[in-house]
$ cat target24.txt   # compact mmCIF, C-alpha atoms and all ligand atoms
# COMPACT_ATOMS: atom_id res chain seq x y z
CA MET A 9 20.58 93.03 -7.77
CA LYS A 10 20.28 95.29 -10.81
CA VAL A 11 22.07 95.17 -14.15
CA SER A 12 22.42 98.21 -16.45
CA GLY A 13 24.40 98.85 -19.59
CA ILE A 14 25.79 101.55 -21.79
CA THR A 15 26.13 100.91 -25.53
CA PRO A 16 29.47 102.10 -26.93
CA SER A 17 27.80 103.28 -30.14
CA GLY A 18 29.85 106.46 -29.80
CA ARG A 19 31.96 108.23 -27.20
CA PRO A 20 30.32 108.84 -23.79
CA GLN A 21 28.67 112.25 -23.67
CA LEU A 22 27.42 114.67 -21.03
CA GLY A 23 23.86 113.23 -21.12
CA ASN A 24 25.15 109.73 -20.39
CA TYR A 25 27.16 111.16 -17.50
CA LEU A 26 24.57 113.48 -15.88
CA GLY A 27 21.59 111.29 -16.74
CA ALA A 28 22.98 107.90 -15.78
CA ILE A 29 26.66 107.23 -14.98
CA ARG A 30 26.97 109.78 -12.18
CA ARG A 31 23.84 108.38 -10.51
CA TRP A 32 25.09 104.81 -10.88
CA ALA A 33 28.31 105.77 -9.10
CA VAL A 34 26.56 107.49 -6.20
CA ASP A 35 23.26 105.68 -5.73
CA GLY A 36 23.90 102.15 -7.02
CA SER A 37 24.10 99.34 -4.51
CA GLU A 38 27.35 97.44 -4.14
CA HIS A 39 25.69 94.43 -5.78
CA ASP A 40 24.62 96.21 -8.97
CA LEU A 41 26.39 95.48 -12.23
CA TYR A 42 27.21 97.73 -15.18
CA PHE A 43 28.34 96.51 -18.55
CA ILE A 44 29.60 98.01 -21.77
CA GLY A 45 27.22 96.58 -24.38
CA ASP A 46 29.57 96.40 -27.35
CA LEU A 47 27.75 93.38 -28.87
CA HIS A 48 24.62 95.53 -28.99
CA ALA A 49 26.58 98.17 -30.93
CA MET A 50 27.14 95.66 -33.77
CA THR A 51 23.45 95.42 -34.67
CA THR A 52 23.71 98.42 -37.02
CA THR A 53 26.52 99.61 -39.33
CA HIS A 54 29.68 99.95 -37.25
CA ASN A 55 33.42 100.39 -37.53
CA PRO A 56 35.28 97.60 -35.65
CA ALA A 57 38.35 99.64 -34.65
CA LYS A 58 36.21 102.57 -33.47
CA LEU A 59 33.94 100.22 -31.55
CA ARG A 60 36.89 98.74 -29.65
CA ALA A 61 38.19 102.22 -28.80
CA GLN A 62 34.71 103.36 -27.71
CA ALA A 63 34.27 100.28 -25.52
CA ASP A 64 37.59 100.98 -23.78
CA GLU A 65 36.72 104.65 -23.36
CA SER A 66 33.29 103.78 -21.94
CA LEU A 67 34.81 101.33 -19.46
CA ALA A 68 37.39 103.92 -18.40
CA VAL A 69 34.68 106.60 -17.97
CA LEU A 70 32.57 104.32 -15.74
CA VAL A 71 35.53 103.51 -13.51
CA ALA A 72 36.76 107.14 -13.55
CA SER A 73 33.28 108.25 -12.47
CA GLY A 74 33.60 106.24 -9.29
CA ILE A 75 31.86 102.96 -10.16
CA SER A 76 33.83 100.18 -8.52
CA PRO A 77 35.86 98.14 -11.06
CA GLU A 78 34.38 95.10 -9.28
CA ARG A 79 30.98 95.98 -10.71
CA VAL A 80 31.85 96.59 -14.40
CA PHE A 81 32.54 94.34 -17.36
CA VAL A 82 32.61 94.46 -21.15
CA GLN A 83 29.86 92.40 -22.79
CA SER A 84 32.03 90.89 -25.54
CA ASP A 85 34.41 89.49 -22.93
CA LEU A 86 31.49 87.12 -22.24
CA ALA A 87 30.69 86.58 -25.93
CA ARG A 88 30.94 82.79 -25.64
CA GLU A 89 28.70 82.53 -22.58
CA LEU A 90 26.20 85.06 -23.90
CA GLY A 91 26.20 83.49 -27.38
CA ALA A 92 25.39 80.09 -25.89
CA LEU A 93 22.68 81.45 -23.62
CA THR A 94 21.18 83.52 -26.43
CA TRP A 95 20.81 80.30 -28.43
CA VAL A 96 19.13 78.53 -25.52
CA LEU A 97 16.74 81.48 -25.13
CA GLU A 98 16.05 81.65 -28.87
CA CYS A 99 14.99 78.01 -28.57
CA THR A 100 12.61 79.16 -25.83
CA CYS A 101 11.21 82.13 -27.75
CA SER A 102 8.64 82.05 -30.54
CA TYR A 103 9.18 83.98 -33.77
CA GLY A 104 5.86 85.80 -33.24
CA GLU A 105 6.89 86.96 -29.80
CA ALA A 106 10.19 88.38 -31.11
CA ALA A 107 8.42 89.98 -34.08
CA ARG A 108 6.20 92.01 -31.72
CA MET A 109 9.13 94.11 -30.49
CA ILE A 110 8.22 97.72 -31.27
CA GLN A 111 11.78 98.99 -31.12
CA PHE A 112 12.83 96.70 -33.96
CA LYS A 113 9.99 97.98 -36.12
CA GLU A 114 11.02 101.58 -35.38
CA LYS A 115 14.73 101.03 -35.94
CA ALA A 116 14.35 98.85 -39.04
CA ASP A 117 11.73 101.02 -40.69
CA GLY A 118 12.94 102.26 -44.08
CA GLN A 119 16.48 100.86 -43.59
CA ALA A 120 18.20 98.71 -46.22
CA GLY A 121 20.26 95.68 -45.16
CA VAL A 122 18.77 95.41 -41.67
CA ARG A 123 20.91 92.99 -39.65
CA LEU A 124 19.32 89.85 -38.24
CA SER A 125 21.06 90.75 -34.97
CA LEU A 126 18.88 93.87 -34.72
CA PHE A 127 15.87 91.54 -34.75
CA THR A 128 17.31 89.08 -32.22
CA TYR A 129 18.94 91.73 -30.02
CA PRO A 130 16.17 91.59 -27.35
CA VAL A 131 17.05 87.91 -26.84
CA LEU A 132 20.71 88.84 -26.30
CA MET A 133 19.47 91.46 -23.85
CA ALA A 134 17.51 88.73 -22.05
CA ALA A 135 20.74 86.70 -21.91
CA ASP A 136 22.61 89.70 -20.41
CA ILE A 137 20.01 89.88 -17.66
CA LEU A 138 19.40 86.18 -17.02
CA LEU A 139 23.05 85.09 -17.10
CA GLN A 140 23.84 87.40 -14.20
CA GLY A 141 20.70 86.47 -12.25
CA ALA A 142 19.54 90.09 -12.06
CA SER A 143 16.25 90.59 -10.25
CA GLU A 144 15.74 94.18 -11.40
CA VAL A 145 16.49 95.93 -14.68
CA PRO A 146 16.38 99.72 -14.67
CA VAL A 147 15.04 100.75 -18.07
CA GLY A 148 13.15 103.59 -19.70
CA GLU A 149 9.79 103.15 -21.42
CA ASP A 150 11.47 102.25 -24.76
CA GLN A 151 13.13 99.15 -23.28
CA SER A 152 10.39 97.87 -20.97
CA GLN A 153 8.97 95.55 -23.66
CA HIS A 154 12.39 93.86 -23.85
CA VAL A 155 12.40 93.24 -20.10
CA GLU A 156 8.90 91.76 -20.45
CA LEU A 157 10.35 89.37 -23.04
CA ALA A 158 13.19 88.42 -20.65
CA ARG A 159 10.57 87.73 -17.95
CA ALA A 160 8.49 85.59 -20.28
CA LEU A 161 11.53 83.58 -21.41
CA ALA A 162 12.79 83.04 -17.85
CA ARG A 163 9.33 81.85 -16.72
CA ARG A 164 8.87 79.59 -19.73
CA PHE A 165 12.30 78.02 -19.43
CA ASN A 166 11.86 77.42 -15.69
CA ALA A 167 8.40 75.88 -16.23
CA THR A 168 9.40 73.73 -19.22
CA TYR A 169 12.89 72.50 -18.39
CA GLY A 170 13.53 73.25 -14.72
CA GLU A 171 14.17 76.18 -12.38
CA VAL A 172 17.30 78.01 -13.44
CA PHE A 173 16.56 81.68 -13.95
CA THR A 174 15.60 84.52 -11.63
CA VAL A 175 12.54 86.20 -13.16
CA PRO A 176 13.58 89.86 -13.53
CA ARG A 177 11.35 92.90 -13.42
CA ALA A 178 11.70 96.33 -14.97
CA VAL A 179 12.24 99.15 -12.48
CA LEU A 180 12.49 102.89 -12.97
CA PRO A 181 16.07 103.90 -13.62
CA LEU A 182 17.99 106.22 -11.32
CA THR A 183 17.76 109.20 -13.61
CA GLY A 184 19.42 112.54 -13.43
CA ALA A 185 18.87 115.32 -15.94
CA ARG A 186 17.60 114.71 -19.49
CA VAL A 187 20.20 116.57 -21.52
CA ARG A 188 19.23 117.88 -24.95
CA ASP A 189 21.35 118.50 -28.01
CA LEU A 190 22.93 121.98 -27.88
CA THR A 191 22.25 122.80 -31.53
CA ASP A 192 18.85 121.08 -31.76
CA PRO A 193 17.10 121.04 -28.36
CA SER A 194 14.16 119.12 -29.87
CA ARG A 195 16.25 115.94 -29.59
CA LYS A 196 18.25 114.43 -26.75
CA MET A 197 22.02 114.67 -26.66
CA SER A 198 23.32 111.40 -28.14
CA LYS A 199 26.72 109.76 -28.63
CA SER A 200 25.93 108.93 -32.24
CA SER A 201 24.53 112.34 -33.16
CA PRO A 202 25.44 113.38 -36.73
CA ASP A 203 26.51 116.83 -35.47
CA ALA A 204 29.26 116.72 -32.82
CA GLY A 205 28.81 120.48 -32.30
CA GLY A 206 25.65 119.81 -30.31
CA VAL A 207 27.22 117.14 -28.09
CA VAL A 208 29.64 117.63 -25.19
CA PHE A 209 31.76 114.49 -24.93
CA VAL A 210 33.12 113.51 -21.54
CA LEU A 211 36.67 113.76 -22.87
CA ASP A 212 36.26 117.12 -24.64
CA GLU A 213 38.94 119.64 -23.65
CA PRO A 214 37.67 122.62 -21.57
CA ASP A 215 38.08 125.10 -24.43
CA LEU A 216 36.08 122.93 -26.79
CA ILE A 217 33.33 122.59 -24.17
CA ARG A 218 33.25 126.38 -23.78
CA ARG A 219 33.01 126.86 -27.56
CA LYS A 220 30.18 124.34 -27.93
CA ILE A 221 28.18 125.89 -25.09
CA ARG A 222 28.75 129.45 -26.39
CA ARG A 223 27.26 128.32 -29.71
CA ALA A 224 24.27 126.56 -28.15
CA VAL A 225 20.95 127.47 -29.75
CA THR A 226 18.74 129.76 -27.63
CA ASP A 227 15.90 132.01 -28.85
CA SER A 228 15.10 135.67 -29.52
CA GLY A 229 14.82 136.53 -25.80
CA SER A 230 17.67 137.86 -23.70
CA THR A 231 16.92 137.16 -20.01
CA PRO A 232 16.95 133.50 -18.88
CA VAL A 233 13.50 132.13 -17.99
CA TYR A 234 12.81 128.43 -17.35
CA ASP A 235 10.19 127.49 -19.97
CA PRO A 236 10.92 124.02 -21.42
CA ASP A 237 8.12 124.19 -24.02
CA GLY A 238 8.48 127.77 -25.16
CA ARG A 239 12.27 128.13 -24.76
CA PRO A 240 13.76 124.64 -24.97
CA GLY A 241 17.34 125.75 -25.72
CA VAL A 242 17.59 127.98 -22.64
CA ALA A 243 15.73 125.42 -20.51
CA ASN A 244 18.32 122.82 -21.55
CA LEU A 245 21.17 125.13 -20.46
CA LEU A 246 19.43 125.79 -17.14
CA GLU A 247 18.89 122.06 -16.58
CA ILE A 248 22.54 121.31 -17.33
CA LEU A 249 23.69 124.04 -14.94
CA ALA A 250 21.24 122.84 -12.26
CA ALA A 251 22.40 119.22 -12.66
CA CYS A 252 26.09 120.18 -12.45
CA THR A 253 25.56 122.29 -9.34
CA ASP A 254 22.84 120.15 -7.67
CA ARG A 255 20.18 122.83 -7.80
CA ASN A 256 16.84 123.49 -9.41
CA PRO A 257 16.61 124.98 -12.96
CA ARG A 258 14.05 127.61 -11.87
CA ASP A 259 16.31 128.87 -9.06
CA VAL A 260 19.29 128.94 -11.37
CA ALA A 261 17.38 131.01 -13.98
CA GLY A 262 17.06 134.03 -11.70
CA GLU A 263 20.80 134.23 -11.10
CA HIS A 264 21.88 135.28 -14.60
CA ALA A 265 20.93 138.57 -16.24
CA THR A 266 21.69 137.63 -19.85
CA TYR A 267 21.96 134.56 -22.08
CA GLY A 268 25.67 135.33 -22.45
CA ALA A 269 26.21 135.25 -18.68
CA LEU A 270 24.20 132.04 -18.41
CA LYS A 271 26.31 130.35 -21.09
CA GLU A 272 29.52 131.38 -19.31
CA ALA A 273 28.21 129.87 -16.06
CA VAL A 274 27.05 126.66 -17.79
CA ALA A 275 30.40 126.24 -19.54
CA GLU A 276 32.36 126.62 -16.30
CA ALA A 277 30.03 124.27 -14.40
CA VAL A 278 30.30 121.59 -17.10
CA VAL A 279 34.09 121.96 -17.32
CA GLU A 280 34.35 121.56 -13.53
CA ALA A 281 31.87 118.66 -13.35
CA LEU A 282 33.73 116.72 -16.03
CA ARG A 283 37.27 117.68 -15.03
CA PRO A 284 37.97 114.87 -12.51
CA VAL A 285 36.31 112.27 -14.76
CA ARG A 286 38.24 113.45 -17.81
CA GLU A 287 41.55 113.46 -15.92
CA ARG A 288 41.05 110.00 -14.44
CA THR A 289 39.74 108.57 -17.75
CA THR A 290 42.75 109.96 -19.61
CA GLU A 291 45.05 108.42 -16.99
CA LEU A 292 43.38 105.02 -17.38
CA LEU A 293 43.45 105.14 -21.18
CA GLY A 294 47.15 106.00 -20.93
CA ASP A 295 47.74 102.86 -18.90
CA PRO A 296 46.53 100.01 -21.17
CA ALA A 297 47.94 97.39 -18.78
CA GLU A 298 45.77 98.70 -15.91
CA LEU A 299 42.70 98.94 -18.13
CA ALA A 300 43.29 95.39 -19.40
CA ARG A 301 43.65 94.19 -15.80
CA ILE A 302 40.32 95.81 -14.81
CA ARG A 303 38.67 94.36 -17.91
CA LYS A 304 39.98 90.87 -17.35
CA ALA A 305 39.02 90.82 -13.66
CA GLY A 306 35.52 92.15 -14.46
CA ALA A 307 35.02 89.52 -17.16
CA ALA A 308 36.22 86.71 -14.90
CA ARG A 309 33.82 87.75 -12.13
CA ALA A 310 30.87 88.11 -14.53
CA ALA A 311 31.59 84.75 -16.21
CA GLU A 312 31.90 83.03 -12.85
CA ARG A 313 28.62 84.57 -11.65
CA GLY A 314 26.80 83.12 -14.66
CA GLU A 315 28.60 79.82 -15.08
CA HIS A 316 26.28 77.57 -13.09
CA ARG A 317 23.16 79.10 -14.67
CA LEU A 318 24.50 78.63 -18.19
CA ASN A 319 25.64 75.06 -17.52
CA SER A 320 22.32 74.13 -15.90
CA ALA A 321 20.35 75.69 -18.75
CA LEU A 322 22.38 73.83 -21.39
CA ARG A 323 22.03 70.54 -19.54
CA LEU A 324 18.30 70.93 -18.88
CA ILE A 325 17.48 71.90 -22.47
CA GLY A 326 19.21 68.76 -23.70
CA ALA A 327 22.71 69.79 -24.72
CA THR A 328 25.46 67.32 -23.98
CA ALA A 329 27.76 70.00 -22.58
CA SER A 330 28.43 69.64 -18.85
N1 LIG B 1 20.81 112.99 -23.39
C1 LIG B 1 20.68 112.20 -22.32
N2 LIG B 1 20.26 112.70 -21.14
C2 LIG B 1 20.15 111.90 -20.06
N3 LIG B 1 20.45 110.59 -20.04
C3 LIG B 1 20.90 110.05 -21.19
N4 LIG B 1 21.28 108.81 -21.52
C4 LIG B 1 21.64 108.77 -22.83
N5 LIG B 1 21.52 110.00 -23.37
C5 LIG B 1 21.03 110.81 -22.38
C6 LIG B 1 21.33 107.68 -20.59
O1 LIG B 1 22.63 107.11 -20.63
C7 LIG B 1 22.52 105.71 -20.32
C8 LIG B 1 23.33 104.90 -21.26
O2 LIG B 1 22.87 105.13 -22.56
P1 LIG B 1 22.79 104.00 -23.65
O3 LIG B 1 24.10 103.85 -24.28
O4 LIG B 1 22.25 102.76 -23.06
O5 LIG B 1 21.68 104.44 -24.66
P2 LIG B 1 21.20 105.73 -25.34
O6 LIG B 1 20.14 106.34 -24.51
O7 LIG B 1 20.82 105.33 -26.73
O8 LIG B 1 22.46 106.70 -25.40
P3 LIG B 1 22.88 107.70 -26.54
O9 LIG B 1 24.04 108.47 -26.03
O10 LIG B 1 21.70 108.47 -27.04
O11 LIG B 1 23.42 106.71 -27.66
P4 LIG B 1 22.97 106.50 -29.17
O12 LIG B 1 23.43 107.72 -29.90
O13 LIG B 1 23.69 105.29 -29.62
O14 LIG B 1 21.49 106.32 -29.20
C9 LIG B 1 21.04 105.37 -20.34
O15 LIG B 1 20.60 105.22 -19.01
C10 LIG B 1 20.41 106.55 -21.01
O16 LIG B 1 19.07 106.79 -20.56
$ encode --input "target24.txt" --output "structure tokens" --more "lines below"
Ligand code: AQP
Amino acid sequence: MKVSGITPSGRPQLGNYLGAIRRWAVDGSEHDLYFIGDLHAMTTTHNPAKLRAQADESLAVLVASGISPERVFVQSDLARELGALTWVLECTCSYGEAARMIQFKEKADGQAGVRLSLFTYPVLMAADILLQGASEVPVGEDQSQHVELARALARRFNATYGEVFTVPRAVLPLTGARVRDLTDPSRKMSKSSPDAGGVVFVLDEPDLIRRKIRRAVTDSGSTPVYDPDGRPGVANLLEILAACTDRNPRDVAGEHATYGALKEAVAEAVVEALRPVRERTTELLGDPAELARIRKAGAARAAERGEHRLNSALRLIGATAS
């Protein structure tokens, strides 16, 4: 069983959808779990009201994309369980081991007021994985060190206090396209990008999507050629079009005589790919009672799945809790 998450550090965008969510919906097994990692989004400066709205929107997008509501939950709905397990795992982890995390060094570098939670976040991530008993964690290169930490903590706990945790392993994620920013193709499209003009959000209206794609950065050429190094802006548009229409970027390139024609085709393909997700997400967000029901049921299932592991871990490490 695999567990994957999306951090609601912003509103879900096209890259999240084409690169991950759409694949989760189609290729994931019925046992896999997906969570909205809102506790992870508190490790850097955040706005509480926005975070709540973004968590709801992310949950709605996952369900609207076809992921079964049975397989999704919001991380903070398990804040008590995860907080307790994080403490147990922090008591299993050495300071030196946590201090070796490269991502912390990169994210904290040059920042003032770095939150302690940014430092301990890999231990919370280990709790996310170990509470659910996941055997596989699909992660990119940047997160594989954190899965190694989760493995080390699971092994150490099991060896020191008693067998409780499944030892997880990192696996390659089910990836779709890597979508780049429309105004700066040297970086990936991101929810928290400072320039919303380069990001297509899942809930953007069709006309806004068309405007953003029309303004996408290209180059001095005029006929589309697939050359990711030499012409990254055009290559990004071709990859988006190929991902939306299930084809290959090189084949797609030959079908459009000008950059203008390519942009028109990309805009229409993106509008059509996102249309059903946007409509269903909007419906869900307009029905807070239904969304709350999905959220509550997901949280109850996730808490129940982890309950015996948390209780055993607390008991074995010496807590008096049952
Ligand atoms: N541009 C992208 N192209 C393809 N896949 C992408 N993903 C993110 N951006 C792209 C994939 O979406 C999943 C969930 O993302 P995440 O929230 O866990 O982390 P992220 O990669 O940090 O996402 P963002 O949108 O870039 O957020 P911020 O701005 O907060 O950093 C992952 O599977 C991710 O690979």
$ atom_distance --input "target24.txt" --atom1 "CA of Gln119 (chain A)" --atom2 "CA of Gly206 (chain A)"
24.9 Å
$ residues_near_ligand --input "target24.txt" --ligand "ligand LIG 1 (chain B)" --cutoff "6 Å" --atoms "all atoms listed in the file" --output "PDB file with C-alpha atoms, in the coordinates of the input"
ATOM      1  CA  GLY A  13      24.400  98.850 -19.590  1.00  0.00           C
ATOM      2  CA  ILE A  14      25.790 101.550 -21.790  1.00  0.00           C
ATOM      3  CA  THR A  15      26.130 100.910 -25.530  1.00  0.00           C
ATOM      4  CA  SER A  17      27.800 103.280 -30.140  1.00  0.00           C
ATOM      5  CA  GLY A  23      23.860 113.230 -21.120  1.00  0.00           C
ATOM      6  CA  ASN A  24      25.150 109.730 -20.390  1.00  0.00           C
ATOM      7  CA  GLY A  27      21.590 111.290 -16.740  1.00  0.00           C
ATOM      8  CA  ALA A  28      22.980 107.900 -15.780  1.00  0.00           C
ATOM      9  CA  ALA A 185      18.870 115.320 -15.940  1.00  0.00           C
ATOM     10  CA  ARG A 186      17.600 114.710 -19.490  1.00  0.00           C
ATOM     11  CA  VAL A 187      20.200 116.570 -21.520  1.00  0.00           C
ATOM     12  CA  ARG A 188      19.230 117.880 -24.950  1.00  0.00           C
ATOM     13  CA  LYS A 196      18.250 114.430 -26.750  1.00  0.00           C
ATOM     14  CA  MET A 197      22.020 114.670 -26.660  1.00  0.00           C
ATOM     15  CA  SER A 198      23.320 111.400 -28.140  1.00  0.00           C
ATOM     16  CA  LYS A 199      26.720 109.760 -28.630  1.00  0.00           C
ATOM     17  CA  SER A 200      25.930 108.930 -32.240  1.00  0.00           C
ATOM     18  CA  SER A 201      24.530 112.340 -33.160  1.00  0.00           C
TER      19      SER A 201
END
$ atom_distance --input "target24.txt" --atom1 "CA of Phe81 (chain A)" --atom2 "CA of Asp150 (chain A)"
23.7 Å
$ atom_distance --input "target24.txt" --atom1 "CA of Val172 (chain A)" --atom2 "CA of Gly104 (chain A)"
24.2 Å
$ closest_residue --input "target24.txt" --among "A:Val278, A:Ala261, A:Val285, A:Leu86" --to "Gly74 (chain A)" --atoms "all atoms listed in the file"
A:Val285
$ residues_near_point --input "target24.txt" --point "(11.6, 85.3, -11.3)" --cutoff "9 Å" --atoms "all atoms listed in the file" --output "list in words"
Ser143, Arg159, Ala162, Arg163, Phe173, Thr174, Val175, Pro176 and Arg177 of chain A
$ write_last_selection --input "target24.txt" --atoms "C-alpha atoms" --output "PDB file, in the frame of the given file"
ATOM      1  CA  SER A 143      16.250  90.590 -10.250  1.00  0.00           C
ATOM      2  CA  ARG A 159      10.570  87.730 -17.950  1.00  0.00           C
ATOM      3  CA  ALA A 162      12.790  83.040 -17.850  1.00  0.00           C
ATOM      4  CA  ARG A 163       9.330  81.850 -16.720  1.00  0.00           C
ATOM      5  CA  PHE A 173      16.560  81.680 -13.950  1.00  0.00           C
ATOM      6  CA  THR A 174      15.600  84.520 -11.630  1.00  0.00           C
ATOM      7  CA  VAL A 175      12.540  86.200 -13.160  1.00  0.00           C
ATOM      8  CA  PRO A 176      13.580  89.860 -13.530  1.00  0.00           C
ATOM      9  CA  ARG A 177      11.350  92.900 -13.420  1.00  0.00           C
TER      10      ARG A 177
END
$ closest_residue --input "target24.txt" --among "A:Leu124, A:Leu26, A:Tyr42, A:Ala68" --to "Glu298 (chain A)" --atoms "all atoms listed in the file"
A:Ala68
$ axis_aligned_box --input "target24.txt" --around "region 279-291 of chain A" --padding-each-side "8 Å" --output "AutoDock Vina command-line options"
--center_x 38.5 --center_y 115.2 --center_z -16.1 --size_x 29.2 --size_y 29.5 --size_z 23.1
$ closest_residue --input "target24.txt" --among "A:Cys99, A:Leu182, A:Val147, A:Lys220" --to "Asp35 (chain A)" --atoms "only C-alpha atoms"
A:Leu182
$ closest_residue --input "target24.txt" --among "A:Pro296, A:Gly306, A:Pro232, A:Pro257" --to "Leu270 (chain A)" --atoms "only C-alpha atoms"
A:Pro232
$ residues_around --input "target24.txt" --residues "Leu70 (chain A)" --least-positions-apart "4" --cutoff "8 Å" --atoms "all atoms listed in the file" --output "NGL selection string"
:A and (29 or 66 or 74-75 or 80)
$ closest_residue --input "target24.txt" --among "A:Thr191, A:Ser102, A:Ser152, A:Ser73" --to "Leu245 (chain A)" --atoms "all atoms listed in the file"
A:Thr191
$ closest_residue --input "target24.txt" --among "A:Met109, A:Val34, A:Ala61, A:Leu211" --to "Glu291 (chain A)" --atoms "only C-alpha atoms"
A:Leu211
$ residues_near_point --input "target24.txt" --point "(21.1, 131.2, -24.2)" --cutoff "7 Å" --atoms "only C-alpha atoms" --output "ChimeraX atom specification"
/A:224-226,241-242,267-268,270-271
$ write_last_selection --input "target24.txt" --atoms "C-alpha atoms" --output "mmCIF file, in the frame of the given file"
data_model
loop_
_atom_site.group_PDB
_atom_site.id
_atom_site.type_symbol
_atom_site.label_atom_id
_atom_site.label_comp_id
_atom_site.auth_asym_id
_atom_site.auth_seq_id
_atom_site.Cartn_x
_atom_site.Cartn_y
_atom_site.Cartn_z
ATOM 1 C CA ALA A 224 24.270 126.560 -28.150
ATOM 2 C CA VAL A 225 20.950 127.470 -29.750
ATOM 3 C CA THR A 226 18.740 129.760 -27.630
ATOM 4 C CA GLY A 241 17.340 125.750 -25.720
ATOM 5 C CA VAL A 242 17.590 127.980 -22.640
ATOM 6 C CA TYR A 267 21.960 134.560 -22.080
ATOM 7 C CA GLY A 268 25.670 135.330 -22.450
ATOM 8 C CA LEU A 270 24.200 132.040 -18.410
ATOM 9 C CA LYS A 271 26.310 130.350 -21.090
#
